[in-house]
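Q: This is protein-v3.txt (compact mmCIF, C-alpha atoms).
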```
# COMPACT_ATOMS: atom_id res chain seq x y z
CA MET K 311 -59.19 -91.31 -15.64
CA ALA K 312 -57.80 -88.09 -17.09
CA GLU K 313 -60.03 -86.12 -14.73
CA ASN K 314 -57.72 -87.04 -11.84
CA GLN K 315 -54.64 -85.79 -13.69
CA ALA K 316 -53.41 -82.40 -12.58
CA ALA K 317 -53.29 -79.69 -15.20
CA PRO K 318 -49.77 -78.88 -16.40
CA GLN K 319 -48.08 -76.07 -14.48
CA PHE K 320 -45.12 -73.93 -15.43
CA ALA K 321 -43.81 -70.90 -13.58
CA LEU K 322 -40.50 -69.12 -13.36
CA GLN K 323 -39.77 -68.83 -9.64
CA ARG K 324 -36.42 -67.03 -9.68
CA VAL K 325 -33.65 -65.91 -12.05
CA PHE K 326 -30.18 -65.45 -10.65
CA LEU K 327 -26.55 -65.11 -11.65
CA LYS K 328 -24.91 -68.24 -10.27
CA ASP K 329 -21.31 -67.62 -11.31
CA VAL K 330 -19.34 -65.19 -13.46
CA SER K 331 -15.71 -64.86 -14.46
CA LEU K 332 -14.13 -62.15 -16.60
CA GLU K 333 -10.52 -62.25 -17.71
CA THR K 334 -8.41 -59.92 -19.83
CA PRO K 335 -5.29 -62.05 -20.43
CA GLU K 336 -3.52 -59.28 -22.40
CA GLY K 337 -4.04 -56.79 -19.57
CA SER K 338 -4.08 -53.10 -20.43
CA SER K 339 -2.18 -53.64 -23.69
CA VAL K 340 -5.47 -54.79 -25.25
CA PHE K 341 -6.64 -51.16 -25.15
CA THR K 342 -3.68 -49.88 -27.16
CA LYS K 343 -4.49 -51.98 -30.26
CA GLY K 344 -7.13 -51.56 -32.93
CA TRP K 345 -10.39 -53.35 -32.08
CA LYS K 346 -11.39 -56.00 -34.61
CA PRO K 347 -12.98 -58.62 -32.38
CA ASP K 348 -13.49 -62.25 -33.33
CA VAL K 349 -16.28 -63.43 -31.01
CA LYS K 350 -16.87 -67.10 -30.19
CA LEU K 351 -19.84 -68.22 -28.09
CA ASP K 352 -20.13 -71.63 -26.46
CA LEU K 353 -23.41 -72.63 -24.79
CA ASN K 354 -24.30 -75.38 -22.39
CA SER K 355 -27.21 -76.05 -20.08
CA LYS K 356 -27.59 -78.31 -17.09
CA THR K 357 -30.69 -79.28 -15.14
CA SER K 358 -31.02 -80.36 -11.51
CA ARG K 359 -34.21 -81.54 -9.88
CA LEU K 360 -34.69 -79.70 -6.59
CA ASP K 361 -37.86 -81.49 -5.46
CA ASP K 362 -40.96 -83.06 -7.04
CA ASN K 363 -41.97 -79.94 -8.97
CA HIS K 364 -38.95 -77.60 -8.90
CA TYR K 365 -35.98 -77.64 -11.24
CA GLU K 366 -32.84 -75.55 -11.45
CA VAL K 367 -31.69 -74.87 -15.00
CA VAL K 368 -28.21 -73.38 -15.44
CA LEU K 369 -27.30 -71.85 -18.78
CA THR K 370 -23.54 -71.47 -19.17
CA LEU K 371 -22.18 -69.01 -21.73
CA THR K 372 -18.50 -68.85 -22.53
CA VAL K 373 -17.64 -65.82 -24.64
CA THR K 374 -14.12 -65.73 -26.03
CA ILE K 375 -13.09 -62.58 -27.86
CA LYS K 376 -9.87 -62.60 -29.82
CA ASN K 377 -8.31 -59.47 -31.21
CA ASP K 378 -5.38 -59.72 -33.58
CA GLY K 379 -5.15 -63.47 -32.86
CA ALA K 380 -4.73 -63.04 -29.09
CA THR K 381 -7.43 -63.59 -26.48
CA ALA K 382 -8.51 -60.11 -25.46
CA LEU K 383 -11.42 -61.07 -23.22
CA LEU K 384 -12.94 -64.21 -21.77
CA ILE K 385 -16.30 -64.20 -19.98
CA GLU K 386 -17.83 -67.31 -18.47
CA LEU K 387 -21.27 -66.78 -17.04
CA GLN K 388 -23.79 -69.12 -15.42
CA GLN K 389 -27.31 -67.73 -15.58
CA ALA K 390 -29.66 -69.86 -13.52
CA GLY K 391 -33.36 -70.14 -12.96
CA ILE K 392 -35.66 -72.05 -10.67
CA PHE K 393 -38.75 -73.33 -12.44
CA LEU K 394 -41.96 -74.85 -11.09
CA ILE K 395 -42.97 -77.56 -13.54
CA SER K 396 -45.58 -80.27 -13.05
CA GLY K 397 -48.05 -82.34 -15.04
CA LEU K 398 -45.83 -82.82 -18.10
CA GLU K 399 -45.03 -86.13 -19.75
CA ASP K 400 -41.34 -87.12 -19.97
CA GLN K 401 -40.87 -85.94 -23.57
CA GLN K 402 -42.55 -82.59 -22.84
CA LEU K 403 -40.53 -82.19 -19.65
CA GLY K 404 -37.29 -82.91 -21.52
CA HIS K 405 -38.09 -80.29 -24.16
CA THR K 406 -39.16 -77.75 -21.53
CA LEU K 407 -35.97 -78.19 -19.51
CA GLY K 408 -33.67 -78.56 -22.53
CA ALA K 409 -35.00 -75.80 -24.79
CA PHE K 410 -37.78 -73.66 -23.32
CA CYS K 411 -36.11 -72.84 -19.97
CA PRO K 412 -32.71 -71.97 -21.53
CA SER K 413 -34.50 -69.70 -24.01
CA ILE K 414 -36.07 -67.85 -21.06
CA LEU K 415 -32.67 -67.49 -19.35
CA PHE K 416 -30.73 -66.40 -22.44
CA PRO K 417 -31.87 -62.73 -22.54
CA TYR K 418 -30.76 -62.33 -18.91
CA ALA K 419 -27.38 -63.88 -19.72
CA ARG K 420 -27.00 -61.78 -22.88
CA GLU K 421 -27.67 -58.58 -20.91
CA ALA K 422 -25.18 -59.62 -18.21
CA VAL K 423 -22.46 -60.28 -20.83
CA ASP K 424 -23.09 -56.86 -22.38
CA SER K 425 -22.99 -55.21 -18.95
CA PHE K 426 -19.71 -56.88 -17.96
CA MET K 427 -18.18 -55.96 -21.33
CA THR K 428 -18.88 -52.26 -20.83
CA ARG K 429 -17.83 -52.36 -17.16
CA ALA K 430 -14.50 -53.81 -18.29
CA SER K 431 -14.14 -50.83 -20.67
CA PHE K 432 -14.82 -52.79 -23.86
CA PRO K 433 -17.37 -51.86 -26.52
CA PRO K 434 -20.89 -53.24 -25.93
CA LEU K 435 -21.62 -56.74 -27.20
CA MET K 436 -25.17 -57.85 -27.92
CA LEU K 437 -25.09 -61.56 -28.64
CA ALA K 438 -27.33 -62.79 -31.44
CA PRO K 439 -30.48 -64.74 -30.48
CA VAL K 440 -30.11 -68.50 -30.17
CA ASN K 441 -32.58 -71.13 -31.40
CA PHE K 442 -32.66 -73.47 -28.41
CA ASP K 443 -35.32 -75.69 -30.04
CA ALA K 444 -32.90 -76.45 -32.89
CA LEU K 445 -30.03 -77.07 -30.45
CA TYR K 446 -32.19 -79.42 -28.39
CA ALA K 447 -33.32 -81.33 -31.51
CA GLN K 448 -29.68 -81.63 -32.60
CA GLN K 449 -28.72 -82.95 -29.15
CA LEU K 450 -31.50 -85.58 -29.29
CA GLN K 451 -30.36 -86.66 -32.75
CA GLN K 452 -26.75 -87.02 -31.58
CA LYS K 453 -27.86 -89.14 -28.60
CA ALA K 454 -29.96 -91.36 -30.88
CA GLU K 455 -27.02 -91.83 -33.26
CA GLN K 456 -24.69 -92.68 -30.37
CA GLN K 457 -27.16 -95.24 -29.02
CA LYS K 458 -27.58 -96.81 -32.46
CA ALA K 459 -23.79 -96.97 -32.93
CA ALA K 460 -23.43 -98.63 -29.51
CA GLU K 461 -26.14 -101.18 -30.37
CA ASP K 462 -24.59 -101.94 -33.78
CA LYS K 463 -21.13 -102.46 -32.31
CA PRO K 464 -20.31 -106.19 -32.20
CA ALA K 465 -19.73 -107.68 -28.79
CA PRO K 466 -16.08 -108.44 -28.04
CA GLU K 467 -15.08 -112.07 -28.48
CA GLU K 468 -14.29 -113.99 -25.35
CA THR K 469 -10.88 -115.63 -25.06
CA HIS K 470 -9.96 -118.34 -22.64
```
Rewrite the structure of this file - the entire thing - as structure tokens.

A:
Amino acid sequence: MAENQAAPQFALQRVFLKDVSLETPEGSSVFTKGWKPDVKLDLNSKTSRLDDNHYEVVLTLTVTIKNDGATALLIELQQAGIFLISGLEDQQLGHTLGAFCPSILFPYAREAVDSFMTRASFPPLMLAPVNFDALYAQQLQQKAEQQKAAEDKPAPEETH
């Protein structure tokens, strides 16, 4: 019965910076031009199961800043976390790993991007908040559409 089921557990065990890269392709000449940045943010997350109840979630942010049409700065950052998660059904687990955990990691990643910007002698950059629930729902919808398209595709005819 349900009495034997363990209560759901969720705990953040550790947050860490897994990888970071900062490039200024224009070199010092970027500092001699006016600063009208065009900021592009790409996000991605990846999950790895470490053991029965522990998961590593890695949130990757790629920030590309163009100034006057040229790439002034490129930061790629992997903010990771180890999460203890148990007692969740598959759908709940998917949402937790795909939306909830990245939303916990994002403020750490945002602060790291801002810190690296200022250390590289650029103006501070505070990235706007991200709705990871909406991104996760969009990802699920895309997967469902791809599966439906694959099922609707006629089988190739055999030739002898």

Q: Using all atoms listed in the file for the distances, tell me which of K:Ala422, K:Ala382, K:Val330, K:Ala460 is nearest to Gly344 of chain K.

A: K:Ala382

Q: Neighbouring residues of segment 406-411 of chain K were defined as those with any atom within 6 Å, considering all atoms listed in the file; residues of the same chain fewer than 3 positions away were excluded. Please report them as a list of chain:residue names.

A: K:Leu403, K:Ile414, K:Phe442, K:Asp443, K:Tyr446

Q: Those selected residues, please, written with C-alpha atoms and delivered as a CSV table (one decimal), in the coordinates of the input.

A:
```
chain,number,residue,atom,x,y,z
K,403,LEU,CA,-40.5,-82.2,-19.6
K,414,ILE,CA,-36.1,-67.8,-21.1
K,442,PHE,CA,-32.7,-73.5,-28.4
K,443,ASP,CA,-35.3,-75.7,-30.0
K,446,TYR,CA,-32.2,-79.4,-28.4
```

Q: What is the distance between atom CA of Leu415 of chain K and atom CA of Ala316 of chain K, in Å to one decimal?

A: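 Atom CA of Ala316 of chain K lies 26.4 Å from atom CA of Leu415 of chain K.
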
Q: Counting all atoms listed in the file, find residues at most 9 Å from (-26.1, -67.1, -13.6) (file frame) and give them as a compact mmCIF listing (two decimals) with C-alpha atoms, in the frame of the given file.

A:
```
# COMPACT_ATOMS: atom_id res chain seq x y z
CA VAL K 325 -33.65 -65.91 -12.05
CA PHE K 326 -30.18 -65.45 -10.65
CA LEU K 327 -26.55 -65.11 -11.65
CA LYS K 328 -24.91 -68.24 -10.27
CA ASP K 329 -21.31 -67.62 -11.31
CA VAL K 330 -19.34 -65.19 -13.46
CA VAL K 368 -28.21 -73.38 -15.44
CA LEU K 369 -27.30 -71.85 -18.78
CA THR K 370 -23.54 -71.47 -19.17
CA LEU K 387 -21.27 -66.78 -17.04
CA GLN K 388 -23.79 -69.12 -15.42
CA GLN K 389 -27.31 -67.73 -15.58
CA ALA K 390 -29.66 -69.86 -13.52
CA GLY K 391 -33.36 -70.14 -12.96
CA LEU K 415 -32.67 -67.49 -19.35
CA TYR K 418 -30.76 -62.33 -18.91
CA ALA K 419 -27.38 -63.88 -19.72
CA ALA K 422 -25.18 -59.62 -18.21
```

Q: Tell me which of K:Ala454, K:Val340, K:Ala459, K:Leu398 sits closest to Lys376 of chain K, counting all atoms listed in the file.

A: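 Smallest separation from Lys376 of chain K among the options: K:Val340.
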
Q: So, with only C-alpha atoms as the atoms that count, which of K:Leu437, K:Ile375, K:Leu353, K:Leu360 lies closest to Thr334 of chain K?

A: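 Ranked by minimum distance to Thr334 of chain K, first place goes to K:Ile375.
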
Q: What lies within 10 Å of Thr372 of chain K using all atoms listed in the file, ignoring chain neighbours under 4 positions off, as a PyMOL selection string?

A: chain K and resi 330-332+350-354+384-388+423

Q: Just to confirm, what's the straight-line distance from atom CA of Val373 of chain K to atom CA of Gln449 of chain K in Å (one decimal)?

A: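 Atom CA of Gln449 of chain K lies 20.9 Å from atom CA of Val373 of chain K.
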